[in-house]
file final.txt (compact mmCIF, C-alpha atoms)
# COMPACT_ATOMS: atom_id res chain seq x y z
CA MET A 7 0.00 0.00 0.00
CA PRO A 8 1.56 3.34 -0.99
CA ASP A 9 2.32 5.89 1.70
CA ALA A 10 -0.14 8.74 2.17
CA ASP A 11 0.82 12.08 0.68
CA PRO A 12 1.96 14.30 3.65
CA ARG A 13 0.58 17.34 1.85
CA LEU A 14 -2.95 16.08 2.56
CA ASP A 15 -2.39 16.47 6.32
CA ARG A 16 -4.08 19.87 6.67
CA GLY A 17 -3.58 19.95 10.43
CA ARG A 18 0.20 20.29 10.08
CA TRP A 19 0.70 21.51 6.51
CA ALA A 20 -2.27 23.84 6.14
CA ALA A 21 -0.41 26.06 3.67
CA ALA A 22 0.93 23.17 1.54
CA SER A 23 -0.02 23.12 -2.13
CA LEU A 24 -1.81 20.11 -3.64
CA ARG A 25 -0.10 20.50 -6.97
CA PRO A 26 1.76 17.39 -8.14
CA LEU A 27 5.47 17.17 -7.55
CA PRO A 28 7.55 18.33 -10.54
CA GLU A 29 9.14 15.63 -12.61
CA ALA A 30 12.92 15.53 -12.66
CA PRO A 31 14.43 16.56 -16.03
CA PRO A 32 15.99 13.74 -18.05
CA PRO A 33 19.76 13.46 -17.61
CA SER A 34 21.83 14.99 -20.37
CA SER A 35 24.35 13.03 -22.34
CA SER A 36 27.23 15.04 -20.88
CA SER A 37 26.24 14.21 -17.33
CA SER A 38 24.89 10.70 -17.76
CA SER A 39 27.22 9.39 -15.10
CA ALA A 40 25.82 11.77 -12.45
CA SER A 41 23.00 10.29 -10.36
CA PRO A 42 19.75 12.32 -10.40
CA ALA A 43 18.62 14.06 -7.22
CA PRO A 44 15.91 12.15 -5.35
CA ARG A 45 12.40 13.55 -5.72
CA GLY A 46 9.94 14.21 -2.93
CA HIS A 47 12.47 15.04 -0.17
CA ALA A 48 12.86 18.64 0.95
CA PRO A 49 16.26 19.94 2.12
CA ARG A 50 16.97 19.69 5.82
CA GLY A 51 16.99 23.49 6.17
CA LEU A 52 13.45 23.67 4.82
CA TRP A 53 12.23 21.00 7.22
CA ARG A 54 13.79 22.93 10.13
CA ARG A 55 12.00 26.10 9.06
CA LEU A 56 8.65 24.30 8.72
CA ALA A 57 8.76 21.93 11.69
CA GLY A 58 11.15 23.79 14.00
CA CYS A 59 13.73 20.99 14.23
CA CYS A 60 14.44 17.69 12.51
CA GLY A 61 14.72 15.89 15.86
CA CYS A 62 18.28 14.72 15.45
CA CYS A 63 19.81 17.58 17.42
CA ARG A 64 17.73 17.31 20.61
CA ARG A 65 20.55 16.52 22.98
CA ALA A 66 20.54 17.04 26.73
CA GLY A 67 20.38 20.75 27.50
CA ARG A 68 18.74 21.78 24.21
CA GLU A 69 15.13 21.06 25.14
CA ASP A 70 12.46 23.71 25.39
CA TRP A 71 12.67 25.40 28.81
CA ASP A 72 9.77 27.82 28.33
CA PRO A 73 7.20 27.95 31.18
CA GLN A 74 4.22 25.65 31.00
CA PRO A 75 0.83 27.06 29.92
CA GLY A 76 -0.84 28.75 32.86
CA GLU A 77 2.35 28.85 34.96
CA VAL A 78 2.89 32.09 36.88
CA PRO A 79 6.65 32.79 36.95
CA GLY A 80 8.04 32.99 40.47
CA THR A 81 5.16 31.18 42.19
CA ARG A 82 5.81 27.44 42.33
CA PRO A 83 3.88 25.00 44.47
CA PRO A 84 5.85 22.40 46.42
CA GLN A 85 7.06 19.70 44.06
CA ARG A 86 7.11 16.04 44.99
CA ILE A 87 10.64 14.67 44.86
CA ARG A 88 10.76 11.40 42.96
CA PRO A 89 13.73 9.02 42.82
CA GLY A 90 16.08 9.87 39.98
CA LEU A 91 15.47 13.63 39.96
CA LEU A 92 18.46 15.95 40.33
CA VAL A 93 17.43 18.15 43.27
CA PRO A 94 19.85 21.01 44.14
CA THR A 95 20.65 21.40 47.82
CA GLY A 96 21.81 25.01 47.68
CA LEU A 97 22.70 28.01 45.55
CA VAL A 98 25.59 30.40 46.26
CA LEU A 99 25.84 33.60 44.23
CA GLY A 100 29.09 35.46 43.70
CA SER A 101 32.34 35.69 45.61
CA ALA A 102 34.63 38.32 47.09
CA ALA A 103 36.59 38.40 43.84
CA ASN A 104 33.39 39.18 41.92
CA ARG A 105 32.66 42.19 44.13
CA VAL A 106 36.14 43.59 43.51
CA ALA A 107 36.04 42.95 39.74
CA HIS A 108 32.59 44.55 39.44
CA HIS A 109 33.52 47.58 41.61
CA THR A 110 30.72 46.81 44.07
CA ALA A 111 32.70 45.88 47.20
CA ALA A 112 31.46 49.01 48.97
CA PHE A 113 27.81 47.94 48.78
CA ALA A 114 26.63 46.73 52.18
CA GLY A 115 24.11 43.97 52.58
CA PRO A 116 23.85 40.22 52.05
CA LEU A 117 22.83 40.36 48.37
CA LEU A 118 25.28 40.19 45.48
CA VAL A 119 25.59 43.39 43.45
CA VAL A 120 27.16 43.03 39.99
CA ARG A 121 27.41 45.02 36.78
CA ARG A 122 26.18 43.95 33.38
CA GLY A 123 28.64 42.95 30.67
CA GLN A 124 30.89 41.03 33.12
CA PRO A 125 30.70 37.40 34.30
CA PHE A 126 30.04 36.47 37.91
CA GLU A 127 30.12 33.17 39.74
CA LEU A 128 27.21 30.90 40.61
CA ARG A 129 27.82 27.76 42.69
CA LEU A 130 25.14 25.10 42.48
CA LEU A 131 25.25 22.50 45.25
CA LEU A 132 24.15 19.04 44.07
CA PRO A 133 23.79 15.68 45.84
CA ARG A 134 25.89 13.96 43.14
CA PRO A 135 28.22 14.94 40.29
CA PHE A 136 26.62 16.57 37.27
CA ASP A 137 26.52 14.31 34.20
CA PRO A 138 26.70 16.38 30.96
CA GLU A 139 25.51 13.40 28.90
CA GLY A 140 22.37 12.57 30.84
CA ASP A 141 21.61 15.74 32.82
CA ALA A 142 20.39 19.13 31.63
CA LEU A 143 20.33 22.42 33.50
CA CYS A 144 18.80 25.86 32.97
CA VAL A 145 19.33 29.04 35.00
CA GLU A 146 16.16 31.09 35.46
CA LEU A 147 15.99 34.81 36.33
CA LEU A 148 12.93 36.97 36.97
CA LEU A 149 12.73 40.78 37.01
CA GLY A 150 9.75 42.79 38.16
CA PRO A 151 6.27 41.79 39.34
CA THR A 152 5.09 40.38 35.97
CA PRO A 153 8.12 38.88 34.17
CA GLN A 154 7.70 37.84 30.55
CA VAL A 155 10.02 35.98 28.21
CA ALA A 156 9.11 38.22 25.27
CA LYS A 157 10.08 41.39 27.18
CA GLY A 158 13.38 40.03 28.49
CA THR A 159 12.29 40.11 32.14
CA HIS A 160 11.92 36.30 32.33
CA VAL A 161 15.35 34.94 31.36
CA LEU A 162 15.97 31.24 30.68
CA ILE A 163 19.63 30.30 30.13
CA PRO A 164 20.36 26.69 29.14
CA LEU A 165 23.76 25.52 30.31
CA GLY A 166 26.43 26.14 27.67
CA GLU A 167 24.14 28.20 25.49
CA ARG A 168 23.09 31.83 25.08
CA SER A 169 19.58 32.96 25.87
CA ALA A 170 17.41 34.89 23.44
CA THR A 171 18.32 38.14 25.22
CA GLY A 172 22.09 37.50 25.35
CA TRP A 173 22.60 35.99 28.82
CA MET A 174 25.23 33.23 28.99
CA ALA A 175 25.89 30.36 31.43
CA GLU A 176 29.08 28.28 31.15
CA VAL A 177 30.67 25.62 33.34
CA ALA A 178 33.79 26.93 35.09
CA GLY A 179 34.60 23.86 37.18
CA GLU A 180 33.45 21.39 39.83
CA GLU A 181 34.26 20.81 43.47
CA ALA A 182 33.84 17.60 45.44
CA GLU A 183 32.17 17.69 48.86
CA PRO A 184 32.06 21.49 49.28
CA GLU A 185 30.84 23.15 52.45
CA GLY A 186 27.08 22.95 52.76
CA ALA A 187 26.56 20.18 50.18
CA GLY A 188 26.59 17.27 52.63
CA PRO A 189 28.46 13.97 52.36
CA GLY A 190 28.99 12.89 48.76
CA GLY A 191 27.80 16.22 47.41
CA HIS A 192 29.33 18.23 44.60
CA ALA A 193 29.38 21.88 43.59
CA LEU A 194 28.92 22.86 39.95
CA ILE A 195 30.61 26.23 39.40
CA LEU A 196 29.07 28.36 36.64
CA ASN A 197 30.04 31.65 35.06
CA LEU A 198 26.92 33.73 34.49
CA SER A 199 27.10 36.94 32.44
CA ALA A 200 24.49 39.51 31.45
CA PRO A 201 24.57 41.37 28.12
CA PRO A 202 25.68 45.03 28.21
CA ASP A 203 22.12 46.17 27.44
CA ALA A 204 20.30 43.98 29.98
CA PRO A 205 17.61 45.69 32.11
CA ILE A 206 18.97 46.72 35.49
CA GLY A 207 17.24 45.84 38.74
CA ARG A 208 16.81 43.13 41.32
CA TYR A 209 16.63 39.67 39.75
CA ARG A 210 15.26 36.53 41.40
CA VAL A 211 17.42 33.51 40.58
CA SER A 212 16.64 29.80 40.47
CA VAL A 213 17.55 26.73 38.43
CA LYS A 214 15.79 23.89 36.63
CA THR A 215 17.29 20.42 36.18
CA ARG A 216 16.31 17.51 33.95
CA THR A 217 17.20 13.85 34.00
CA GLY A 218 15.74 10.74 32.44
CA GLU A 219 13.20 10.65 35.31
CA GLY A 220 11.82 14.14 34.74
CA GLU A 221 12.30 17.84 35.57
CA PHE A 222 12.78 19.57 38.91
CA ALA A 223 12.29 23.34 39.29
CA ALA A 224 13.92 24.74 42.43
CA PRO A 225 11.85 27.34 44.31
CA PHE A 226 12.82 31.01 44.39
CA SER A 227 14.33 32.37 47.58
CA PRO A 228 14.78 36.10 48.39
CA GLY A 229 18.25 35.32 49.72
CA ASN A 230 19.33 34.25 46.22
CA ASP A 231 18.46 37.56 44.56
CA VAL A 232 21.10 39.47 42.61
CA VAL A 233 21.17 43.20 41.85
CA LEU A 234 22.33 44.20 38.36
CA LEU A 235 23.71 47.71 37.74
CA PHE A 236 24.99 49.77 34.82
CA ASN A 237 28.64 49.23 33.94
CA PRO A 238 30.64 52.36 33.02
CA TRP A 239 33.77 50.16 32.78
CA CYS A 240 32.30 48.06 29.92
CA PRO A 241 32.97 49.52 26.43
CA GLU A 242 29.74 47.95 25.06
CA ASP A 243 27.58 49.57 27.77
CA ALA A 244 25.75 52.78 26.87
CA VAL A 245 27.12 54.49 30.01
CA PHE A 246 30.77 53.65 29.29
CA MET A 247 33.34 56.23 30.46
CA GLU A 248 37.01 56.45 29.68
CA PRO A 249 39.10 54.94 32.51
CA THR A 250 40.38 58.12 34.15
CA SER A 251 40.62 59.29 37.74
CA ASP A 252 37.24 61.01 37.33
CA LEU A 253 35.51 57.65 36.85
CA ASP A 254 36.06 56.54 40.44
CA GLU A 255 35.01 59.96 41.70
CA PHE A 256 31.79 60.00 39.70
CA VAL A 257 30.75 56.39 40.32
CA LEU A 258 32.36 55.10 43.53
CA ASN A 259 32.66 58.05 45.89
CA GLU A 260 30.20 57.98 48.77
CA SER A 261 30.83 61.58 49.83
CA GLY A 262 32.47 64.64 48.36
CA THR A 263 32.15 68.38 47.84
CA ILE A 264 29.57 70.38 45.93
CA PHE A 265 29.74 74.03 44.89
CA TYR A 266 26.89 76.52 44.96
CA GLY A 267 26.26 80.22 44.71
CA THR A 268 26.57 82.71 41.87
CA GLU A 269 29.26 83.46 39.32
CA GLU A 270 30.69 86.24 41.49
CA GLN A 271 30.38 84.40 44.80
CA ILE A 272 30.91 80.63 44.93
CA ALA A 273 30.81 78.55 48.10
CA GLU A 274 31.38 74.88 48.79
CA ARG A 275 30.03 72.35 51.24
CA ALA A 276 30.36 68.63 52.03
CA TRP A 277 27.75 66.36 50.46
CA ASN A 278 26.72 62.74 50.88
CA TYR A 279 26.13 61.22 47.43
CA GLY A 280 24.52 58.03 48.78
CA GLN A 281 25.63 55.95 45.80
CA VAL A 282 26.16 52.71 47.74
CA PRO A 283 23.14 52.31 50.04
CA LYS A 284 22.50 49.17 52.04
CA ILE A 285 20.33 46.76 50.06
CA PRO A 286 17.91 44.73 52.23
CA ALA A 287 17.74 40.98 51.89
CA PHE A 288 13.97 41.08 51.46
CA PRO A 289 12.24 43.47 49.04
CA PRO A 290 10.15 46.18 50.74
CA LYS A 291 6.43 45.55 51.05
CA ILE A 292 4.06 47.87 49.22
CA PRO A 293 1.39 49.32 51.54
CA THR A 294 -2.12 48.26 50.64
CA ARG A 295 -3.99 50.95 52.61
CA ARG A 296 -5.22 53.83 50.49
CA PRO A 297 -6.39 57.27 51.70
CA ARG A 298 -10.13 57.86 51.73
CA ILE A 299 -11.77 61.26 52.15
CA HIS A 300 -14.75 61.41 54.50
CA HIS A 301 -16.62 64.06 56.44
CA VAL A 302 -15.85 64.85 60.08
CA ARG A 303 -18.06 66.46 62.75
CA PRO A 304 -17.03 67.33 66.30
CA LYS A 305 -18.22 65.22 69.22
CA ASN A 306 -20.57 67.68 70.91
CA GLY A 307 -24.14 67.52 71.99
CA GLY A 308 -25.27 70.62 70.11
CA ASN A 309 -25.79 68.69 66.88
CA ARG A 310 -26.61 65.15 67.96
CA PRO A 311 -27.74 62.61 65.38
CA LYS A 312 -31.29 61.29 65.58
CA ASN A 313 -30.18 57.91 66.98
CA GLY A 314 -29.35 59.58 70.30
CA GLY A 315 -25.55 59.11 70.23
CA ASN A 316 -22.58 61.23 69.27
CA ARG A 317 -21.78 58.94 66.32
CA PRO A 318 -23.95 57.64 63.54
CA LYS A 319 -24.67 53.94 63.22
CA ASN A 320 -22.05 53.41 60.49
CA GLY A 321 -19.25 54.25 62.91
CA ARG A 322 -18.05 57.37 61.06
CA VAL A 323 -18.24 60.88 62.43
CA GLY A 324 -20.91 62.98 60.76
CA PRO A 325 -20.14 66.22 58.94
CA LYS A 326 -20.24 69.69 60.26
CA LYS A 327 -21.30 72.32 57.80
CA GLY A 328 -18.30 73.39 55.74
CA GLN A 329 -15.81 71.00 57.43
CA VAL A 330 -14.06 68.14 55.58
CA GLY A 331 -11.40 65.77 56.96
CA VAL A 332 -9.04 63.15 55.49
CA GLY A 333 -8.78 59.66 56.94
CA VAL A 334 -7.32 56.29 55.98
CA GLY A 335 -9.72 53.57 54.90
CA ASP A 336 -9.24 49.83 55.03
call {"tool": "encode", "arguments": {"input": "final.txt", "output": "C-alpha cells"}}
result
Amino acid sequence: MPDADPRLDRGRWAAASLRPLPEAPPPSSSSSSASPAPRGHAPRGLWRRLAGCCGCCRRAGREDWDPQPGEVPGTRPPQRIRPGLLVPTGLVLGSAANRVAHHTAAFAGPLLVVRRGQPFELRLLLPRPFDPEGDALCVELLLGPTPQVAKGTHVLIPLGERSATGWMAEVAGEEAEPEGAGPGGHALILNLSAPPDAPIGRYRVSVKTRTGEGEFAAPFSPGNDVVLLFNPWCPEDAVFMEPTSDLDEFVLNESGTIFYGTEEQIAERAWNYGQVPKIPAFPPKIPTRRPRIHHVRPKNGGNRPKNGGNRPKNGRVGPKKGQVGVGVGD
C-alpha cells in the first residue's frame, strides 16, 4: 500500500499546495554518469524552518525550557521529589573576587551586586556529580512583578548556550564535597554573564534540572536575589566612560564636595552622594492601605444625630457644615 501524501495532512501543513510534484528533467548526455537528485524530499533546512527541528539535534540541554501554559513565573507549588530527579541542595551567588572585579565591594548587605557585561560566579550544590551526557540544566531569572520571556524580564539560560536576550551560562569547574553540600555532594561552578544592554534591577534567581526521570524546578528564595547595575567600565555599555581618575570619583565616591552660589560668589560644602546604600535581603512591602476622604463632625451635643448618640450607626463621624477631613480607609 503506498504511503499517504503528507501534503494532505491539513492539520500540520495547512499552507501546503496540492499541486503534483515536478518531474525531474531527463539526464543529459554530458552528465549521464551523475545520479539524479531524489524527488519528494525537501532539504533539511526547509524541514527545520517548517517543523522547527528535525529531531536529530535534541541533545541534553537543548530542550524547550519555556514555562508551562498557565504557569505564573516565580510562584511554584511544592514539588514532589521522585527518585532519579536531580534536586539542588543550595545556591551560592558570587564571591569576594566578583565584588572587587565589578567595583561593588562598597555595597553593604547580604545580596550580590554586579554590573552587566561582566561574568560572575554561581555555585550550584548538588547531591551527586553533574553528568553532561544525561543531565540538563537551565538558570532562570525573573525581574519585576510580571516577568515575561518576550520582554526580556523572564530569562531562561540553558547551560552552555546563550539565551534569546544575550545571557550566557558556562561551566567553570566542579568541586567535590564542598561546604554545605553534605556527604557525597558536589558543587557545579558556573560563570553567568548579562549582556551590556540587559535591564537593570533586582533579579530573582533559580535553576531547573532535567534527568531521564523528569524535571525539577527549584523554588525562588529572596536570599538568592542578585542586583544588576549599569557598567561604566564596559565599552559595550551605553554608560561607558574612559578609565580616568574622574571615573572613580563620579561612580564610587560615597561623599564629596559640591559648589553653589553665583558666578561672582561661589561657596562649597560637604555632600553625601549616597551611591552605595544598604540593600535589604527582602524586598520592601508595598502598603495596601489607600487614603479615603470622608466628612468629620465634632463630638458635641449641640448637633446630635437622631439615633441619640454622638456617632452615627455606620461608625463614622458625621459632617459639620463646611468642614471636611481626610482619613485612611481599610
call {"tool": "closest_residue", "arguments": {"input": "final.txt", "among": "A:Val211, A:Leu118, A:Cys144, A:Leu132", "to": "Trp71 of chain A", "atoms": "all atoms listed in the file"}}
result
A:Cys144
call {"tool": "closest_atom_pairs", "arguments": {"input": "final.txt", "of": "segment 88-160 of chain A", "to": "segment 230-251 of chain A", "cutoff": "8 Å", "atoms": "only C-alpha atoms", "output": "JSON lines"}}
result
{"residue": "A:Leu97", "atom": "CA", "partner": "A:Asn230", "partner_atom": "CA", "distance": 7.1}
{"residue": "A:Val98", "atom": "CA", "partner": "A:Asn230", "partner_atom": "CA", "distance": 7.3}
{"residue": "A:Leu99", "atom": "CA", "partner": "A:Asn230", "partner_atom": "CA", "distance": 6.8}
{"residue": "A:Leu117", "atom": "CA", "partner": "A:Val232", "partner_atom": "CA", "distance": 6.1}
{"residue": "A:Leu118", "atom": "CA", "partner": "A:Val232", "partner_atom": "CA", "distance": 5.1}
{"residue": "A:Val119", "atom": "CA", "partner": "A:Val233", "partner_atom": "CA", "distance": 4.7}
{"residue": "A:Val120", "atom": "CA", "partner": "A:Leu234", "partner_atom": "CA", "distance": 5.2}
{"residue": "A:Arg121", "atom": "CA", "partner": "A:Leu235", "partner_atom": "CA", "distance": 4.7}
{"residue": "A:Arg122", "atom": "CA", "partner": "A:Asn237", "partner_atom": "CA", "distance": 5.9}
{"residue": "A:Gly123", "atom": "CA", "partner": "A:Cys240", "partner_atom": "CA", "distance": 6.3}
{"residue": "A:Gln124", "atom": "CA", "partner": "A:Cys240", "partner_atom": "CA", "distance": 7.9}
call {"tool": "residues_around", "arguments": {"input": "final.txt", "residues": "segment 174-183 of chain A", "least_positions_apart": "3", "cutoff": "10 Å", "atoms": "all atoms listed in the file", "output": "VMD selection string"}}
result
chain A and resid 125 to 136 143 to 145 162 to 171 186 to 201
call {"tool": "atom_distance", "arguments": {"input": "final.txt", "atom1": "atom CA of Leu147 of chain A", "atom2": "atom CA of Gly100 of chain A"}}
result
15.0 Å
call {"tool": "residues_around", "arguments": {"input": "final.txt", "residues": "segment 148-152 of chain A", "least_positions_apart": "5", "cutoff": "12 Å", "atoms": "only C-alpha atoms", "output": "ChimeraX atom specification"}}
result
/A:77-81,157-163,204-213,226-228,230-234,289,292
call {"tool": "write_last_selection", "arguments": {"input": "final.txt", "atoms": "C-alpha atoms", "output": "mmCIF file, in the frame of the given file"}}
result
data_model
loop_
_atom_site.group_PDB
_atom_site.id
_atom_site.type_symbol
_atom_site.label_atom_id
_atom_site.label_comp_id
_atom_site.auth_asym_id
_atom_site.auth_seq_id
_atom_site.Cartn_x
_atom_site.Cartn_y
_atom_site.Cartn_z
ATOM 1 C CA GLU A 77 2.350 28.850 34.960
ATOM 2 C CA VAL A 78 2.890 32.090 36.880
ATOM 3 C CA PRO A 79 6.650 32.790 36.950
ATOM 4 C CA GLY A 80 8.040 32.990 40.470
ATOM 5 C CA THR A 81 5.160 31.180 42.190
ATOM 6 C CA LYS A 157 10.080 41.390 27.180
ATOM 7 C CA GLY A 158 13.380 40.030 28.490
ATOM 8 C CA THR A 159 12.290 40.110 32.140
ATOM 9 C CA HIS A 160 11.920 36.300 32.330
ATOM 10 C CA VAL A 161 15.350 34.940 31.360
ATOM 11 C CA LEU A 162 15.970 31.240 30.680
ATOM 12 C CA ILE A 163 19.630 30.300 30.130
ATOM 13 C CA ALA A 204 20.300 43.980 29.980
ATOM 14 C CA PRO A 205 17.610 45.690 32.110
ATOM 15 C CA ILE A 206 18.970 46.720 35.490
ATOM 16 C CA GLY A 207 17.240 45.840 38.740
ATOM 17 C CA ARG A 208 16.810 43.130 41.320
ATOM 18 C CA TYR A 209 16.630 39.670 39.750
ATOM 19 C CA ARG A 210 15.260 36.530 41.400
ATOM 20 C CA VAL A 211 17.420 33.510 40.580
ATOM 21 C CA SER A 212 16.640 29.800 40.470
ATOM 22 C CA VAL A 213 17.550 26.730 38.430
ATOM 23 C CA PHE A 226 12.820 31.010 44.390
ATOM 24 C CA SER A 227 14.330 32.370 47.580
ATOM 25 C CA PRO A 228 14.780 36.100 48.390
ATOM 26 C CA ASN A 230 19.330 34.250 46.220
ATOM 27 C CA ASP A 231 18.460 37.560 44.560
ATOM 28 C CA VAL A 232 21.100 39.470 42.610
ATOM 29 C CA VAL A 233 21.170 43.200 41.850
ATOM 30 C CA LEU A 234 22.330 44.200 38.360
ATOM 31 C CA PRO A 289 12.240 43.470 49.040
ATOM 32 C CA ILE A 292 4.060 47.870 49.220
#
call {"tool": "closest_residue", "arguments": {"input": "final.txt", "among": "A:Ala142, A:Asp254, A:Asn259, A:Asp72", "to": "Ala156 of chain A", "atoms": "only C-alpha atoms"}}
result
A:Asp72
